[in-house]
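Student: What follows is a single structure, and I will ask about it in a moment.
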Amino acid sequence: MASVSWGTVGVANRLLYSFGATNALSLSFLRLAFSLPFFLLAGWLILGRRLFAIQRRDLGVMVLMGCLMALSQAWYVASIETIGISVSTLISICAAPVIVALLSALISHERVTALTLVALAAAIGGTALLISTPSLPAADGSVSHFGALLAFLSACGYAGFIFCGRLLTGSYHPVQITTVAFGAGALLLLVCAAATRLVLTYSPTGWLILLFLGIVPTALGYALFQAGMRSIPATLASIITMCEPLTAALLAWLFFHEELGLSGLLGAGLLLGAMTMIVLVPKKYFE
């Protein structure tokens, strides 16, 4: 459910760009800023004063999660300018589960089973086919190494966010983790956006879309994600989040009439197959 909600972000941002001048840092900051009141309200209603009962070491991990998420978004936006949306998305989304699997195996000693590797390969292959039309700005058709590095750093930031969150989910309520992490991330993005050009002028419809981004794919989406990570390994969680590009592609086809093509349909089938495998096969075979 979390990854499906994240799949709506691309369509929402595309609509915002069509309404007038804005930039990625401003949109990212406002998205997090709108989500914070909902995290605080939900945390207070569920936990009361226990919302702020966090050990100092764990507080540092939560702040690190927020910074990693904010930097991941910034690096992703920067990579788009040099290698295009398709290649940036391909690198950042496909690399993240591999990095999470390596971190989980090396640091948490999480066993990566053969079935997990099959699901991982199907999900990565499906995502690659789903985003199979690159938009490369270079005249000679080559991929910018610097842009690819930025996209890979984005994947590292996102993988770090997932891994750190998995370390804390057994000790804290998901609302606690997301409230602190998103507060730190919003502050970092505010500093970055203010240092460049913070755009705060939008139409009433634009503000409603920003409110949607803050509530559904951010506040609700990440709360669901942290709750889901309480019962599945970090590697599987990162694989399931690959439903995001599938949802985005389907919404783009529905609202903007963008065609998936044969490779896109095949990729969607592989992704759905990987998700079905994870959902239907007993958990013990992934552990």
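Residue numbering restarts at 1 in every chain; chains get A, B, ... in the order shown in the structure tokens, and ligands count up from 1 in that same order.
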Which neighbours of Ala42 (chain A) fall inside 10 Å, counting only C-alpha atoms, when residues of the same chain fewer than 3 positions from it are skipped, and could you give them as a PyMOL selection string?
Tutor: chain A and resi 36-39+45-48+51+175-176+179+219
Student: For Trp207 (chain A), please output as a list in words all residues within 12 Å (counting only C-alpha atoms; exclusion window: fewer than 6 positions along the same chain).
Tutor: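 Here the qualifying residues turn out to be Ala12, Asn13, Leu15, Leu16, Phe19, Leu27, Leu30, Arg31, Phe34, Leu200, Thr201, Leu213 and Gly214 of chain A.
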Student: Run DSSP on the backbone and give me the residues of region 165-258 of chain A it puts in alpha helix (DSSP H), as a ChimeraX atom specification.
Tutor: /A:165-168,174-195,204-213,221-228,234-240,243-256
Student: Can you list, as an MDAnalysis selection string, every protein, DNA or RNA residue that comes within 7 Å of region 227-236 of chain A when you count only C-alpha atoms, leaving out same-chain residues fewer than 5 positions away?
Tutor: chainID A and resid 97 100:101 162:163 166 169:170 174
Student: Those selected residues, please, written with N, CA and C atoms and delivered as a short mmCIF file (atom, residue, chain, number, x, y, z; two decimals), in the first residue's frame.
Tutor:
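Dumped to again_8.cif:
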data_model
loop_
_atom_site.label_atom_id
_atom_site.label_comp_id
_atom_site.auth_asym_id
_atom_site.auth_seq_id
_atom_site.Cartn_x
_atom_site.Cartn_y
_atom_site.Cartn_z
N PRO A 97 17.41 -2.08 -3.70
CA PRO A 97 17.24 -3.40 -3.05
C PRO A 97 18.53 -4.19 -2.96
N VAL A 100 20.42 -2.74 -0.05
CA VAL A 100 19.79 -3.16 1.19
C VAL A 100 20.13 -4.62 1.50
N ALA A 101 20.08 -5.47 0.48
CA ALA A 101 20.41 -6.88 0.69
C ALA A 101 21.84 -7.05 1.18
N ILE A 162 15.94 2.81 4.40
CA ILE A 162 15.23 1.55 4.66
C ILE A 162 15.96 0.73 5.72
N PHE A 163 17.28 0.63 5.60
CA PHE A 163 18.05 -0.20 6.53
C PHE A 163 17.98 0.36 7.95
N ARG A 166 14.64 -0.31 9.51
CA ARG A 166 14.47 -1.71 9.93
C ARG A 166 15.14 -1.95 11.27
N THR A 169 12.44 -0.48 13.97
CA THR A 169 11.01 -0.80 13.98
C THR A 169 10.61 -1.73 15.13
N GLY A 170 11.54 -2.51 15.64
CA GLY A 170 11.20 -3.39 16.75
C GLY A 170 11.14 -2.69 18.08
N PRO A 174 5.96 3.14 14.55
CA PRO A 174 6.28 3.77 13.26
C PRO A 174 6.09 5.28 13.24
#
Student: Would you list the contacts of Leu68 (chain A) as a list in words, taking every protein, DNA or RNA residue within 8 Å and counting only C-alpha atoms, but skipping same-chain residues closer than 5 positions in sequence?
Tutor: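 Near neighbours after the sequence-gap exclusion: Gly157, Tyr158, Gly160, Phe161 and Gly185 of chain A.
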Student: Suppose you want the space between CA of Ser154 (chain A) and CA of Ala74 (chain A); what is it in Å?
Tutor: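 Between CA of Ser154 (chain A) and CA of Ala74 (chain A) the gap works out to 7.7 Å.
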Student: Just the number, please: distance in Å from CA of Val61 (chain A) to CA of Val4 (chain A), one decimal.
Tutor: 26.3 Å
Student: By how many Å are CA of Ala159 (chain A) and CA of Ile93 (chain A) apart?
Tutor: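 Calculated distance between CA of Ala159 (chain A) and CA of Ile93 (chain A) is 9.5 Å.
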Student: Using only C-alpha atoms, which residues sit within 7 Å of Ser5 (chain A) once same-chain residues fewer than 6 positions away are excluded, as a list in words?
Tutor: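 Near Ser5 (chain A), the qualifying residues are Val216, Pro217 and Gly221 of chain A.
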Student: For the selection you just gave me, I'd like the residues written to a file as a CSV table (one decimal), in the first residue's frame, keeping C-alpha atoms.
Tutor:
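Writing the result to part.csv gives the following:
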chain,number,residue,atom,x,y,z
A,216,VAL,CA,-1.3,10.3,1.2
A,217,PRO,CA,2.1,9.3,-0.2
A,221,GLY,CA,2.6,6.1,2.9
